[in-house]
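Have a look at the structure below, then the notes.
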Amino acid sequence: MSAKGSKSTVQDMNQPKDVQYLDLSKNPNRKAVKEYWEIKKKFISGYPTSAAEKRISGCVDILAGIDSKGELSAAKINKSYPEGIFDKHALASLSKWKWCLQKITRQDSLYYI
């Protein structure tokens with residue numbers, strides 16, 4: 001994964017080609033995320049050593065596809081600050097998360113985290 005150009009970095013996790021995702025990242029759907037998904041297992045990865053040594057803090061905005069089993073099926077860095085520093089760690093951490101459905105629905109969702 002490249003540190004430069006993280007806005008276009010995509011982590012492809014065997015996303016099925018025929019899946020239609022419900023986009024919950026835009027208003028007014030953004031508030032509906034909690035109606036679809038509850039976080040069952042959260043994992044926080046270690047802090048990047050280079051960032052800790054330089055006392056750098058930041059954040060990563062990730063768009064994530066969650067399949068009907070509550071597993072991450074695809075993820076994409078939407079934006080990050082500072083760009084590229086935390087992307088790899090954030091994606092590695094998110095890949096270990098698990099969700100459970102709140103509603104009886106079999107539709108996969110694009111989940112804004």
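So you can find residues: chains in the structure tokens are A, B, ... in the order shown, residues in each start at 1, and ligands are numbered from 1 in order.
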
request  = Please provide the set of residues having any atom within 9 Å of segment 95-102 of chain A, restricted to only C-alpha atoms, with same-chain residues fewer than 2 positions apart removed, written as a PyMOL selection string.
outcome  = chain A and resi 13+34-44+66+68-75+90-93+104-106

Can you write out the residues you just picked, keeping N, CA and C atoms, as a compact mmCIF listing (two decimals), in the first residue's frame?
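Okay, this is what ended up in selection15.txt:
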```txt
# COMPACT_ATOMS: atom_id res chain seq x y z
N MET A 13 -11.20 -6.75 -0.78
CA MET A 13 -11.29 -7.94 0.06
C MET A 13 -12.26 -8.95 -0.56
N LYS A 34 -27.13 2.87 12.25
CA LYS A 34 -27.39 2.15 13.50
C LYS A 34 -28.62 1.25 13.40
N GLU A 35 -29.50 1.54 12.45
CA GLU A 35 -30.66 0.68 12.23
C GLU A 35 -30.27 -0.62 11.52
N TYR A 36 -29.15 -0.61 10.82
CA TYR A 36 -28.70 -1.78 10.07
C TYR A 36 -27.63 -2.58 10.80
N TRP A 37 -26.66 -1.89 11.41
CA TRP A 37 -25.48 -2.58 11.93
C TRP A 37 -25.17 -2.19 13.37
N GLU A 38 -24.76 -3.18 14.14
CA GLU A 38 -24.22 -2.96 15.47
C GLU A 38 -22.82 -3.57 15.48
N ILE A 39 -21.88 -2.86 16.05
CA ILE A 39 -20.52 -3.39 16.12
C ILE A 39 -20.49 -4.51 17.15
N LYS A 40 -20.08 -5.68 16.69
CA LYS A 40 -20.02 -6.87 17.54
C LYS A 40 -18.61 -7.04 18.12
N LYS A 41 -17.60 -6.75 17.30
CA LYS A 41 -16.21 -6.89 17.72
C LYS A 41 -15.41 -5.76 17.10
N LYS A 42 -14.70 -5.03 17.96
CA LYS A 42 -13.86 -3.91 17.52
C LYS A 42 -12.41 -4.28 17.79
N PHE A 43 -11.52 -3.92 16.89
CA PHE A 43 -10.10 -4.18 17.07
C PHE A 43 -9.34 -2.89 16.80
N ILE A 44 -8.45 -2.54 17.71
CA ILE A 44 -7.64 -1.35 17.53
C ILE A 44 -6.19 -1.81 17.34
N ILE A 66 -19.95 -3.92 4.20
CA ILE A 66 -20.19 -4.99 5.16
C ILE A 66 -21.16 -5.97 4.53
N SER A 68 -23.66 -9.52 4.41
CA SER A 68 -24.80 -9.94 5.22
C SER A 68 -24.39 -10.81 6.40
N LYS A 69 -23.14 -11.28 6.44
CA LYS A 69 -22.63 -12.04 7.59
C LYS A 69 -21.97 -11.14 8.62
N GLY A 70 -21.95 -9.85 8.35
CA GLY A 70 -21.36 -8.90 9.27
C GLY A 70 -19.85 -8.80 9.16
N GLU A 71 -19.31 -9.19 8.02
CA GLU A 71 -17.87 -9.14 7.80
C GLU A 71 -17.54 -8.09 6.74
N LEU A 72 -16.34 -7.54 6.86
CA LEU A 72 -15.89 -6.54 5.91
C LEU A 72 -15.66 -7.19 4.56
N SER A 73 -16.30 -6.67 3.53
CA SER A 73 -16.13 -7.24 2.19
C SER A 73 -15.27 -6.35 1.30
N ALA A 74 -15.20 -5.06 1.60
CA ALA A 74 -14.38 -4.12 0.84
C ALA A 74 -14.19 -2.87 1.66
N ALA A 75 -13.07 -2.19 1.45
CA ALA A 75 -12.82 -0.94 2.17
C ALA A 75 -12.01 0.00 1.28
N ALA A 90 -5.10 1.59 9.92
CA ALA A 90 -6.56 1.70 10.03
C ALA A 90 -7.26 0.58 9.26
N LEU A 91 -6.80 0.30 8.04
CA LEU A 91 -7.40 -0.78 7.25
C LEU A 91 -7.16 -2.15 7.89
N ALA A 92 -5.96 -2.36 8.43
CA ALA A 92 -5.66 -3.63 9.10
C ALA A 92 -6.56 -3.83 10.31
N SER A 93 -6.77 -2.78 11.06
CA SER A 93 -7.63 -2.84 12.23
C SER A 93 -9.08 -3.12 11.83
N ILE A 104 -33.91 -7.29 10.09
CA ILE A 104 -33.93 -8.47 9.23
C ILE A 104 -33.79 -7.98 7.80
N THR A 105 -32.58 -8.04 7.31
CA THR A 105 -32.28 -7.62 5.95
C THR A 105 -31.11 -8.44 5.45
N ARG A 106 -31.09 -8.81 4.22
CA ARG A 106 -30.00 -9.58 3.65
C ARG A 106 -29.19 -8.73 2.69
```

request  = For atom CA of Gly46 of chain A and atom CA of Ala64 of chain A, determine how far apart the two atoms are, in Å to one decimal place.
outcome  =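 Spanning atom CA of Gly46 of chain A to atom CA of Ala64 of chain A is a straight-line distance of 20.3 Å.
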
Shell around Pro82 of chain A at 9 Å using only C-alpha atoms, local window under 4 positions removed, as an NGL selection string = :A and (56-60 or 86)

ask   = Which distance in Å separates atom CA of Pro48 of chain A and atom CA of Lys79 of chain A, to one decimal?
value =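 Going from atom CA of Pro48 of chain A over to atom CA of Lys79 of chain A covers 17.6 Å.
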
ask   = How many Å separate atom CA of Ile77 of chain A from atom CA of Leu22 of chain A?
value =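 Taking atom CA of Ile77 of chain A as the start and atom CA of Leu22 of chain A as the end point, the length is 18.0 Å.
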
Could you find all residues in segment 18-104 of chain A that DSSP calls strand (DSSP E) from the backbone, and write them as a CSV table (one decimal) with N, CA and C atoms, in the first residue's frame?
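New file result19.csv:
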```csv
chain,number,residue,atom,x,y,z
A,22,LEU,N,-26.0,-0.8,-0.4
A,22,LEU,CA,-26.9,0.3,0.1
A,22,LEU,C,-26.0,1.3,0.7
A,23,ASP,N,-25.9,2.5,0.1
A,23,ASP,CA,-25.0,3.5,0.5
A,23,ASP,C,-25.6,4.3,1.7
A,37,TRP,N,-26.7,-1.9,11.4
A,37,TRP,CA,-25.5,-2.6,11.9
A,37,TRP,C,-25.2,-2.2,13.4
A,38,GLU,N,-24.8,-3.2,14.1
A,38,GLU,CA,-24.2,-3.0,15.5
A,38,GLU,C,-22.8,-3.6,15.5
A,39,ILE,N,-21.9,-2.9,16.1
A,39,ILE,CA,-20.5,-3.4,16.1
A,39,ILE,C,-20.5,-4.5,17.1
A,40,LYS,N,-20.1,-5.7,16.7
A,40,LYS,CA,-20.0,-6.9,17.5
A,40,LYS,C,-18.6,-7.0,18.1
A,41,LYS,N,-17.6,-6.8,17.3
A,41,LYS,CA,-16.2,-6.9,17.7
A,41,LYS,C,-15.4,-5.8,17.1
A,59,CYS,N,-6.1,11.1,11.7
A,59,CYS,CA,-7.4,10.3,11.5
A,59,CYS,C,-7.5,9.8,10.1
A,60,VAL,N,-8.3,8.7,10.0
A,60,VAL,CA,-8.6,8.1,8.7
A,60,VAL,C,-10.1,7.9,8.5
A,61,ASP,N,-10.6,8.4,7.4
A,61,ASP,CA,-12.0,8.3,7.1
A,61,ASP,C,-12.1,7.1,6.0
A,62,ILE,N,-12.8,6.0,6.4
A,62,ILE,CA,-12.9,4.8,5.6
A,62,ILE,C,-14.3,4.5,5.2
A,63,LEU,N,-14.5,4.2,3.9
A,63,LEU,CA,-15.8,3.7,3.4
A,63,LEU,C,-15.6,2.2,3.4
A,64,ALA,N,-16.6,1.5,4.0
A,64,ALA,CA,-16.5,0.1,4.2
A,64,ALA,C,-17.7,-0.7,3.7
A,65,GLY,N,-17.6,-1.7,3.0
A,65,GLY,CA,-18.7,-2.6,2.6
A,65,GLY,C,-18.8,-3.7,3.6
A,66,ILE,N,-20.0,-3.9,4.2
A,66,ILE,CA,-20.2,-5.0,5.2
A,66,ILE,C,-21.2,-6.0,4.5
A,72,LEU,N,-16.3,-7.5,6.9
A,72,LEU,CA,-15.9,-6.5,5.9
A,72,LEU,C,-15.7,-7.2,4.6
A,73,SER,N,-16.3,-6.7,3.5
A,73,SER,CA,-16.1,-7.2,2.2
A,73,SER,C,-15.3,-6.3,1.3
A,74,ALA,N,-15.2,-5.1,1.6
A,74,ALA,CA,-14.4,-4.1,0.8
A,74,ALA,C,-14.2,-2.9,1.7
A,75,ALA,N,-13.1,-2.2,1.5
A,75,ALA,CA,-12.8,-0.9,2.2
A,75,ALA,C,-12.0,0.0,1.3
A,76,LYS,N,-12.3,1.3,1.4
A,76,LYS,CA,-11.6,2.3,0.7
A,76,LYS,C,-11.3,3.5,1.5
A,77,ILE,N,-10.1,4.0,1.5
A,77,ILE,CA,-9.8,5.2,2.2
A,77,ILE,C,-10.5,6.4,1.5
A,78,ASN,N,-11.3,7.1,2.2
A,78,ASN,CA,-12.0,8.2,1.7
A,78,ASN,C,-11.1,9.5,1.8
A,79,LYS,N,-10.5,9.7,2.9
A,79,LYS,CA,-9.5,10.7,3.1
A,79,LYS,C,-8.8,10.4,4.5
A,80,SER,N,-7.6,11.0,4.6
A,80,SER,CA,-6.9,10.8,5.8
A,80,SER,C,-6.0,12.0,6.1
A,81,TYR,N,-5.7,12.2,7.4
A,81,TYR,CA,-4.9,13.3,7.8
A,81,TYR,C,-4.0,12.9,8.9
A,98,LYS,N,-16.1,-7.0,13.4
A,98,LYS,CA,-17.3,-7.8,13.1
A,98,LYS,C,-18.6,-7.0,13.4
A,99,TRP,N,-19.6,-7.1,12.6
A,99,TRP,CA,-20.9,-6.4,12.9
A,99,TRP,C,-22.0,-7.5,12.9
A,100,CYS,N,-23.1,-7.1,13.5
A,100,CYS,CA,-24.3,-7.9,13.4
A,100,CYS,C,-25.5,-7.1,13.0
A,101,LEU,N,-26.4,-7.7,12.2
A,101,LEU,CA,-27.5,-7.0,11.7
A,101,LEU,C,-28.5,-6.6,12.7
```
